[in-house]
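Source file: final-v9.txt. Holds: compact mmCIF, C-alpha atoms.
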```
# COMPACT_ATOMS: atom_id res chain seq x y z
CA MET H 1 -7.58 -9.87 -14.82
CA THR H 2 -5.59 -7.80 -17.28
CA TYR H 3 -6.13 -4.12 -17.77
CA ILE H 4 -5.49 -2.83 -21.26
CA PRO H 5 -5.24 0.95 -21.20
CA SER H 6 -7.04 2.68 -24.00
CA LEU H 7 -5.30 5.86 -25.08
CA ASP H 8 -7.86 8.40 -23.94
CA MET H 9 -6.94 11.87 -22.73
CA SER H 10 -6.47 10.80 -19.09
CA THR H 11 -4.07 7.98 -19.97
CA PHE H 12 -2.17 10.32 -22.28
CA VAL H 13 -1.74 12.86 -19.45
CA ASP H 14 -0.67 10.03 -17.13
CA ILE H 15 2.04 8.90 -19.53
CA ILE H 16 3.36 12.46 -19.96
CA LEU H 17 3.40 13.08 -16.20
CA LEU H 18 5.10 9.75 -15.43
CA ALA H 19 7.71 10.44 -18.12
CA PHE H 20 8.46 13.81 -16.54
CA LEU H 21 8.57 12.19 -13.08
CA LEU H 22 11.16 9.73 -14.36
CA LEU H 23 13.17 12.52 -15.98
CA SER H 24 13.21 14.65 -12.83
CA ALA H 25 14.18 11.62 -10.71
CA LEU H 26 17.08 10.93 -13.06
CA ALA H 27 18.04 14.60 -12.98
CA VAL H 28 18.20 14.49 -9.16
CA VAL H 29 20.53 11.48 -9.35
CA ILE H 30 22.81 13.01 -11.98
CA MET H 31 23.05 16.60 -10.77
CA ARG H 32 25.72 17.63 -8.26
CA HIS H 33 24.64 21.20 -7.61
CA LEU H 34 22.57 20.85 -4.44
CA PHE H 35 20.41 23.94 -4.98
CA SER H 36 19.27 22.54 -8.33
CA VAL H 37 18.69 19.13 -6.74
CA VAL H 38 16.34 20.67 -4.15
CA MET H 39 14.51 22.63 -6.86
CA VAL H 40 14.05 19.58 -9.09
CA GLY H 41 12.87 17.69 -5.99
CA GLY H 42 10.13 20.33 -5.67
CA VAL H 43 9.26 19.85 -9.35
CA TYR H 44 9.03 16.09 -8.72
CA SER H 45 6.51 16.68 -5.91
CA LEU H 46 4.45 19.05 -8.02
CA LEU H 47 4.34 16.51 -10.85
CA SER H 48 3.22 13.78 -8.43
CA ALA H 49 0.51 16.15 -7.19
CA ALA H 50 -0.70 16.61 -10.76
CA PHE H 51 -0.63 12.83 -11.19
CA PHE H 52 -2.77 12.37 -8.05
CA VAL H 53 -5.29 14.91 -9.40
CA ASN H 54 -5.55 12.83 -12.56
CA LEU H 55 -6.27 9.80 -10.35
CA ASP H 56 -9.12 11.80 -8.70
CA ALA H 57 -7.29 11.84 -5.34
CA VAL H 58 -7.54 15.60 -4.83
CA ASP H 59 -7.01 15.52 -1.07
CA VAL H 60 -3.76 13.58 -1.46
CA ALA H 61 -2.70 15.85 -4.31
CA PHE H 62 -3.35 18.92 -2.18
CA THR H 63 -1.19 17.54 0.63
CA GLU H 64 1.58 16.54 -1.77
CA ALA H 65 1.63 20.00 -3.36
CA ALA H 66 1.63 21.81 -0.01
CA VAL H 67 4.03 19.56 1.91
CA GLY H 68 6.19 18.05 -0.82
CA ALA H 69 6.54 20.95 -3.20
CA GLY H 70 6.13 23.74 -0.67
CA VAL H 71 7.36 23.24 2.85
CA SER H 72 9.91 20.46 2.41
CA THR H 73 11.59 22.40 -0.40
CA VAL H 74 11.93 25.38 1.93
CA LEU H 75 13.22 23.19 4.77
CA MET H 76 15.73 21.55 2.42
CA LEU H 77 16.88 25.03 1.38
CA GLY H 78 17.31 25.87 5.06
CA ALA H 79 19.36 22.70 5.54
CA LEU H 80 21.32 23.55 2.39
CA MET H 81 22.60 26.70 4.06
CA LEU H 82 24.42 24.50 6.59
CA THR H 83 26.32 22.49 4.03
CA ALA H 84 28.36 22.90 0.88
CA ARG H 85 26.91 24.05 -2.43
CA ARG H 86 28.02 20.97 -4.34
CA GLU H 87 27.78 17.27 -3.67
CA LYS H 88 31.09 15.43 -3.44
CA PRO H 89 31.68 13.12 -6.41
CA VAL H 90 31.11 9.49 -5.43
CA THR H 91 33.68 6.89 -6.44
CA SER H 92 32.33 3.88 -8.31
CA GLN H 93 33.54 1.53 -5.53
CA HIS H 94 31.39 3.30 -2.97
CA SER H 95 28.31 3.26 -5.16
CA ARG H 96 28.21 -0.50 -5.84
CA LEU H 97 26.47 -1.65 -2.65
CA PRO H 98 23.87 1.17 -2.64
CA LEU H 99 23.18 0.49 -6.34
CA LEU H 100 22.59 -3.17 -5.55
CA ALA H 101 20.27 -2.28 -2.68
CA VAL H 102 18.30 0.11 -4.90
CA LEU H 103 18.01 -2.44 -7.71
CA VAL H 104 16.82 -5.22 -5.37
CA THR H 105 14.28 -2.91 -3.69
CA GLY H 106 13.05 -1.64 -7.05
CA ALA H 107 12.69 -5.20 -8.39
CA ALA H 108 10.75 -6.20 -5.26
CA LEU H 109 8.41 -3.21 -5.69
CA ILE H 110 7.79 -3.99 -9.36
CA TYR H 111 7.20 -7.65 -8.45
CA ALA H 112 4.63 -6.50 -5.87
CA THR H 113 2.67 -4.53 -8.50
CA PHE H 114 1.69 -7.81 -10.23
CA ASP H 115 -0.52 -8.57 -7.23
CA MET H 116 -2.16 -5.15 -7.21
CA PRO H 117 -5.75 -4.90 -8.45
CA ALA H 118 -6.29 -2.96 -11.66
CA PHE H 119 -6.96 0.77 -11.33
CA GLY H 120 -10.68 1.33 -10.62
CA ASP H 121 -11.35 -2.38 -10.10
CA PRO H 122 -14.68 -2.52 -8.20
CA GLY H 123 -13.65 -5.80 -6.55
CA SER H 124 -10.38 -4.46 -5.13
CA PRO H 125 -10.00 -4.42 -1.33
CA ALA H 126 -10.03 -0.62 -1.28
CA ASN H 127 -13.35 -0.49 -3.12
CA SER H 128 -15.12 -3.18 -1.13
CA TYR H 129 -15.67 -3.93 2.57
CA VAL H 130 -15.39 -0.92 4.87
CA GLY H 131 -14.66 1.65 2.13
CA MET H 132 -18.06 1.21 0.48
CA ASP H 133 -19.61 1.17 3.93
CA TYR H 134 -18.29 4.68 4.59
CA MET H 135 -19.56 5.86 1.20
CA GLU H 136 -23.07 4.57 1.97
CA ARG H 137 -23.28 5.71 5.58
CA THR H 138 -21.68 9.17 5.35
CA PRO H 139 -24.69 11.00 3.78
CA HIS H 140 -27.08 10.17 6.62
CA GLU H 141 -24.65 9.65 9.53
CA ILE H 142 -22.21 12.54 9.08
CA ASP H 143 -23.84 14.54 6.27
CA VAL H 144 -20.74 16.25 4.89
CA PRO H 145 -20.12 16.24 1.12
CA ASN H 146 -16.42 15.32 1.39
CA VAL H 147 -16.30 11.68 2.48
CA VAL H 148 -12.54 11.93 2.98
CA THR H 149 -13.11 14.46 5.76
CA ALA H 150 -15.86 12.31 7.28
CA VAL H 151 -13.58 9.27 7.39
CA LEU H 152 -10.57 11.26 8.56
CA ALA H 153 -12.17 13.30 11.32
CA SER H 154 -15.10 11.20 12.45
CA TYR H 155 -14.97 7.49 11.55
CA ARG H 156 -11.19 7.37 11.99
CA GLY H 157 -10.99 10.13 14.59
CA PHE H 158 -8.66 8.08 16.78
CA ASP H 159 -6.21 7.57 13.91
CA THR H 160 -6.16 11.27 13.13
CA LEU H 161 -5.62 12.11 16.79
CA GLY H 162 -2.64 9.75 16.63
CA GLU H 163 -1.38 11.49 13.49
CA VAL H 164 -1.61 14.91 15.13
CA VAL H 165 0.31 13.57 18.13
CA VAL H 166 2.95 12.23 15.71
CA VAL H 167 3.25 15.66 14.05
CA PHE H 168 3.51 17.24 17.50
CA ALA H 169 6.12 14.69 18.61
CA ALA H 170 8.13 15.23 15.43
CA GLY H 171 8.10 18.99 16.00
CA LEU H 172 9.04 18.46 19.62
CA GLY H 173 11.90 16.15 18.63
CA VAL H 174 13.35 18.68 16.20
CA LEU H 175 13.05 21.45 18.77
CA VAL H 176 14.80 19.32 21.40
CA LEU H 177 17.61 18.39 19.00
CA LEU H 178 18.09 21.70 17.19
CA GLY H 179 16.39 24.11 19.55
CA MET H 180 14.85 27.45 18.69
CA GLY H 181 17.41 29.16 20.87
CA PHE H 182 19.12 31.02 18.03
CA THR H 183 22.63 30.15 19.09
CA GLY H 184 23.99 32.70 16.65
CA GLY H 185 24.40 30.18 13.87
CA THR H 186 27.21 28.05 12.66
CA ALA H 187 29.36 28.73 9.64
CA PRO H 188 28.12 26.91 6.55
CA GLY H 189 30.13 24.03 5.11
CA LYS H 190 32.75 24.82 2.52
CA ASP H 191 33.02 23.61 -1.06
CA GLU H 192 36.03 21.58 -2.07
CA GLU H 193 37.28 24.34 -4.37
CA ASP H 194 37.09 26.92 -1.61
CA GLN H 195 39.55 25.05 0.58
CA ALA H 196 42.08 24.55 -2.17
CA MET O 1 17.31 51.30 -1.39
CA THR O 2 16.61 47.92 0.18
CA PRO O 3 17.77 44.86 -1.74
CA HIS O 4 15.29 42.47 -3.35
CA LEU O 5 12.68 45.18 -3.82
CA VAL O 6 10.66 43.11 -6.29
CA LEU O 7 10.65 40.08 -3.97
CA ARG O 8 9.51 42.20 -1.05
CA VAL O 9 6.66 43.84 -2.94
CA VAL O 10 5.47 40.57 -4.49
CA THR O 11 5.65 38.79 -1.13
CA LYS O 12 3.61 41.49 0.58
CA THR O 13 0.83 41.12 -1.98
CA LEU O 14 0.96 37.32 -1.87
CA ILE O 15 0.71 36.82 1.89
CA HIS O 16 -2.94 37.95 2.22
CA PRO O 17 -4.36 35.61 -0.42
CA ILE O 18 -2.29 32.71 1.00
CA ILE O 19 -3.69 33.22 4.51
CA LEU O 20 -7.22 33.75 3.16
CA PHE O 21 -6.92 30.53 1.15
CA ALA O 22 -5.61 28.71 4.24
CA PHE O 23 -8.73 29.76 6.17
CA TYR O 24 -10.92 28.71 3.25
CA VAL O 25 -9.28 25.26 3.13
CA GLN O 26 -9.51 24.98 6.91
CA PHE O 27 -13.19 25.74 7.30
CA HIS O 28 -14.38 24.43 3.93
CA GLY O 29 -12.61 21.10 4.28
CA ASP O 30 -15.81 19.11 4.81
CA PHE O 31 -17.28 20.47 1.54
CA GLY O 32 -14.27 20.31 -0.76
CA PRO O 33 -10.75 18.99 -0.82
CA GLY O 34 -8.60 19.98 2.09
CA GLY O 35 -8.80 20.07 5.84
CA GLY O 36 -6.66 20.79 8.84
CA PHE O 37 -3.42 19.26 7.56
CA GLN O 38 -3.41 21.17 4.27
CA ALA O 39 -4.67 24.41 5.82
CA GLY O 40 -2.04 24.25 8.55
CA ILE O 41 0.69 23.91 5.95
CA LEU O 42 -0.69 26.81 3.88
CA PHE O 43 -0.96 28.98 6.97
CA ALA O 44 2.63 28.15 7.92
CA VAL O 45 3.79 28.85 4.35
CA ALA O 46 2.59 32.45 4.64
CA PHE O 47 4.74 32.94 7.75
CA ILE O 48 7.73 31.07 6.31
CA LEU O 49 7.56 33.15 3.13
CA TYR O 50 7.58 36.30 5.26
CA GLY O 51 10.55 34.96 7.24
CA LEU O 52 12.46 34.05 4.10
CA ILE O 53 12.11 37.47 2.52
CA PHE O 54 12.13 39.83 5.51
CA GLY O 55 14.43 37.88 7.82
CA LEU O 56 14.00 35.93 11.03
CA ASP O 57 14.07 38.99 13.29
CA MET O 58 11.00 40.41 11.58
CA LEU O 59 9.25 37.02 11.73
CA LYS O 60 9.99 36.83 15.46
CA LYS O 61 8.06 40.09 15.89
CA VAL O 62 5.06 38.59 14.08
CA ILE O 63 5.00 35.27 15.90
CA SER O 64 7.46 34.59 18.71
CA PRO O 65 9.13 31.15 19.07
CA ARG O 66 7.48 30.90 22.47
CA ALA O 67 4.01 31.35 20.91
CA VAL O 68 4.83 28.67 18.34
CA GLN O 69 5.70 26.21 21.12
CA VAL O 70 2.45 26.96 22.95
CA LEU O 71 0.34 26.65 19.77
CA MET O 72 1.94 23.29 18.93
CA ALA O 73 0.59 21.81 22.14
CA LEU O 74 -2.67 23.77 22.00
CA GLY O 75 -3.80 22.09 18.78
CA VAL O 76 -3.29 18.58 20.21
CA LEU O 77 -5.03 19.62 23.42
CA LEU O 78 -7.99 21.01 21.44
CA TYR O 79 -8.36 17.74 19.52
CA ALA O 80 -8.03 15.57 22.62
CA GLY O 81 -10.22 18.03 24.52
CA VAL O 82 -13.12 17.49 22.08
CA GLY O 83 -12.80 13.80 22.89
CA TYR O 84 -12.98 14.48 26.61
CA ALA O 85 -15.92 16.86 26.07
CA THR O 86 -17.89 14.08 24.37
CA LEU O 87 -16.94 11.71 27.20
CA TRP O 88 -18.15 14.26 29.74
CA MET O 89 -21.44 14.73 27.83
CA GLY O 90 -22.14 11.04 28.10
CA GLY O 91 -20.90 9.67 24.77
CA ALA O 92 -17.87 7.66 23.74
CA TYR O 93 -14.49 9.33 23.18
CA LEU O 94 -14.73 11.51 20.02
CA ASP O 95 -18.40 10.57 19.54
CA TYR O 96 -19.47 13.95 18.16
CA ASP O 97 -23.17 13.11 18.04
CA VAL O 98 -23.60 13.93 21.74
CA LEU O 99 -22.39 17.53 21.19
CA VAL O 100 -25.82 18.45 19.79
CA PRO O 101 -28.19 15.70 20.90
CA ASN O 102 -31.45 14.91 19.09
CA ASP O 103 -30.53 16.84 15.98
CA THR O 104 -31.78 15.64 12.61
CA HIS O 105 -29.07 17.40 10.60
CA ASN O 106 -26.07 15.80 12.30
CA ALA O 107 -24.99 19.18 13.67
CA GLY O 108 -22.95 17.47 16.40
CA GLN O 109 -20.82 15.73 13.78
CA HIS O 110 -20.29 19.04 11.96
CA TYR O 111 -19.21 20.93 15.09
CA GLY O 112 -16.99 18.05 16.16
CA ILE O 113 -15.27 17.80 12.78
CA LEU O 114 -14.83 21.59 12.68
CA ALA O 115 -13.21 21.59 16.14
CA VAL O 116 -10.84 18.67 15.62
CA GLU O 117 -9.81 19.98 12.17
CA LEU O 118 -9.02 23.31 13.81
CA GLY O 119 -6.86 21.47 16.31
CA VAL O 120 -5.07 19.66 13.48
CA GLY O 121 -4.55 22.94 11.62
CA ILE O 122 -3.13 24.77 14.66
CA THR O 123 -0.67 21.99 15.49
CA VAL O 124 0.49 21.47 11.89
CA ALA O 125 0.95 25.20 11.28
CA ALA O 126 2.85 25.69 14.55
CA VAL O 127 5.08 22.64 13.98
CA MET O 128 5.94 23.82 10.45
CA ILE O 129 6.81 27.33 11.64
CA GLY O 130 8.77 25.73 14.50
CA LEU O 131 10.73 23.57 12.06
CA PHE O 132 11.51 26.66 10.01
CA TYR O 133 12.71 28.46 13.14
CA ALA O 134 14.83 25.45 14.12
CA PHE O 135 16.52 25.17 10.73
CA ALA O 136 16.76 28.82 9.73
CA GLY O 137 17.76 29.90 13.25
CA ARG O 138 21.02 27.98 12.92
CA ASN O 139 22.18 29.86 9.86
CA VAL O 140 24.23 32.96 9.81
CA GLU O 141 22.56 35.52 7.58
CA ILE O 142 23.79 34.89 4.08
CA SER O 143 25.19 37.72 2.04
CA ASP O 144 23.72 38.53 -1.36
CA GLU O 145 26.87 37.42 -3.16
CA ASP O 146 26.37 33.86 -1.89
CA TRP O 147 23.31 33.41 -4.05
```

Here is a file; write its structure as structure tokens.
Amino acid sequence: MTYIPSLDMSTFVDIILLAFLLLSALAVVIMRHLFSVVMVGGVYSLLSAAFFVNLDAVDVAFTEAAVGAGVSTVLMLGALMLTARREKPVTSQHSRLPLLAVLVTGAALIYATFDMPAFGDPGSPANSYVGMDYMERTPHEIDVPNVVTAVLASYRGFDTLGEVVVVFAAGLGVLVLLGMGFTGGTAPGKDEEDQA
Amino acid sequence: MTPHLVLRVVTKTLIHPIILFAFYVQFHGDFGPGGGFQAGILFAVAFILYGLIFGLDMLKKVISPRAVQVLMALGVLLYAGVGYATLWMGGAYLDYDVLVPNDTHNAGQHYGILAVELGVGITVAAVMIGLFYAFAGRNVEISDEDW
């Protein structure tokens, strides 16, 4: 089954957003100034959020905008205070193995997309079986307009309880490792130029 | 005159709508996009923004690290507690229907979802503020020239 995209408005927006996503990803790789890297990382998240809205996944987009563009940018800025302002230049010898790993992983991911059902395919696994079941049963069993909430909080209540415990455990782990004890702080890392 | 006057004034006007929107997302999550996870983040963002602009000492006066630790656990306990409440009322774990038995409008489901989403929101907000405390608490206050 091949999907030939017609160039309607939605596809046009998709192409623009994906192009900007690619550009910001490249910018993150190329830039050495860490503050700019964190900022462009936030832009990347915001663009993905816009992309998710265009795919009609508003709940996912909302989370991406709040977590990806909002909180993680702030946390990265907090982490940035502990290190130098600029990334050390990487020698080409050190970058060979990581480059190979990235290329192989990327090729594997692209290879996997050949098996993916076309976007909006009614016969895809996500649109058949239990997914459609939830869509049919939510109006008379749960009776909330947002099926995502019904699935998340009621049908998959156990999963969500697990997720909350994971969030709690993650917070607990960070508190155990870093503590909220306010040890007076450590001096931030120095740039190469500063030491010279 | 205090530094960053514009930032301070803008932040003070922004915090109310952010918190109001967080409550809207929290309690309107079953009608529109959003829910506990997103609302918790938004709620935490209001506090983090305050901490960023006015400093950690001021943030500690608003919400103490101790309170954050308690709230983290409270959200999980609320969620799990709803499950135990339904067990106690004779249903399965997290079977919200037994909360309001014999109701034709699925009120039990609505109350159950509201309660567990609140638990999610409390835990997520507290964990995010806790993470901010953990990271920002390690830094020495940066001088203005460093920016």

Local residues around (-20.9, 14.6, 15.4), at most 6 Å away, using all atoms listed in the file, as a ChimeraX atom specification:
/O:96-97,108-110,112

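Across the model, the gap from atom CA of Arg85 of chain H to atom CA of Leu34 of chain H is 5.8 Å.
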
Which value, in Å to one decimal, gives the distance between atom CA of Gly70 of chain H and atom CA of Phe43 of chain O?
11.7 Å

Please report as CSV every residue of chain H lying within 6 Å of chain O, along with the nearest atom pair and their distance in Å (one decimal), using all atoms listed in the file.
```
residue,atom,partner,partner_atom,distance
H:Asp59,CA,O:Pro33,CA,5.1
H:Thr63,CA,O:Gln38,CA,5.6
H:Gly78,CA,O:Ala136,CA,5.6
H:Ile142,CA,O:Gln109,CA,5.8
H:Val144,CA,O:Asp30,CA,5.7
H:Pro145,CA,O:Phe31,CA,5.1
H:Asn146,CA,O:Asp30,CA,5.1
H:Thr149,CA,O:Asp30,CA,5.5
H:Ala153,CA,O:Ile113,CA,5.7
H:Gly171,CA,O:Val127,CA,5.2
H:Leu178,CA,O:Ala134,CA,5.8
H:Gly179,CA,O:Ala134,CA,5.8
H:Met180,CA,O:Ala134,CA,5.0
H:Phe182,CA,O:Gly137,CA,5.1
H:Gly185,CA,O:Arg138,CA,4.1
```

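Take the candidates H:Val28, H:Met116, H:Val167, H:Leu47 and check each one against Asp14 of chain H using only C-alpha atoms; the shortest distance goes to H:Leu47.
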
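Interatomic distance, atom CA of Arg86 of chain H against atom CA of Phe35 of chain H: 8.2 Å.
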
Could you pull the residues within 12 Å of Ala49 of chain H, counting all atoms listed in the file, minus those fewer than 3 positions along the same chain, as a list in words?
Asp14, Leu17, Leu18, Leu21, Gly42, Val43, Tyr44, Ser45, Leu46, Phe52, Val53, Asn54, Leu55, Asp56, Ala57, Val58, Asp59, Val60, Ala61, Phe62, Thr63, Glu64, Ala65, Ala66, Val67, Gly68, Ala69 and Gly70 of chain H

Here is a test: counting only C-alpha atoms, which residue of O:Leu74, O:Leu87, O:Leu118, O:Arg8 is nearest to Gly55 of chain O?
O:Arg8

For Tyr50 of chain O, find every residue with an atom within 12 Å (counting all atoms listed in the file), except residues of its own chain fewer than 3 positions away, and show them as a PyMOL selection string.
chain O and resi 7-16+18-19+43-47+53-63+129+132

Coordinates of segment 15-35 of chain H, C-alpha atoms, as a compact mmCIF listing (two decimals), in the first residue's frame:
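For reference, decode.txt as written:
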```
# COMPACT_ATOMS: atom_id res chain seq x y z
CA ILE H 15 6.98 19.79 5.16
CA ILE H 16 7.81 23.27 6.51
CA LEU H 17 7.80 22.04 10.12
CA LEU H 18 9.93 18.98 9.33
CA ALA H 19 12.41 21.16 7.42
CA PHE H 20 12.72 23.46 10.44
CA LEU H 21 13.07 20.42 12.73
CA LEU H 22 15.96 19.19 10.59
CA LEU H 23 17.55 22.65 10.58
CA SER H 24 17.35 23.02 14.35
CA ALA H 25 18.73 19.50 14.86
CA LEU H 26 21.68 20.36 12.62
CA ALA H 27 22.14 23.65 14.46
CA VAL H 28 22.35 21.77 17.79
CA VAL H 29 25.06 19.52 16.33
CA ILE H 30 27.09 22.37 14.85
CA MET H 31 26.86 24.96 17.62
CA ARG H 32 29.39 25.01 20.45
CA HIS H 33 27.85 27.69 22.64
CA LEU H 34 25.88 25.63 25.16
CA PHE H 35 23.33 28.32 26.02
```
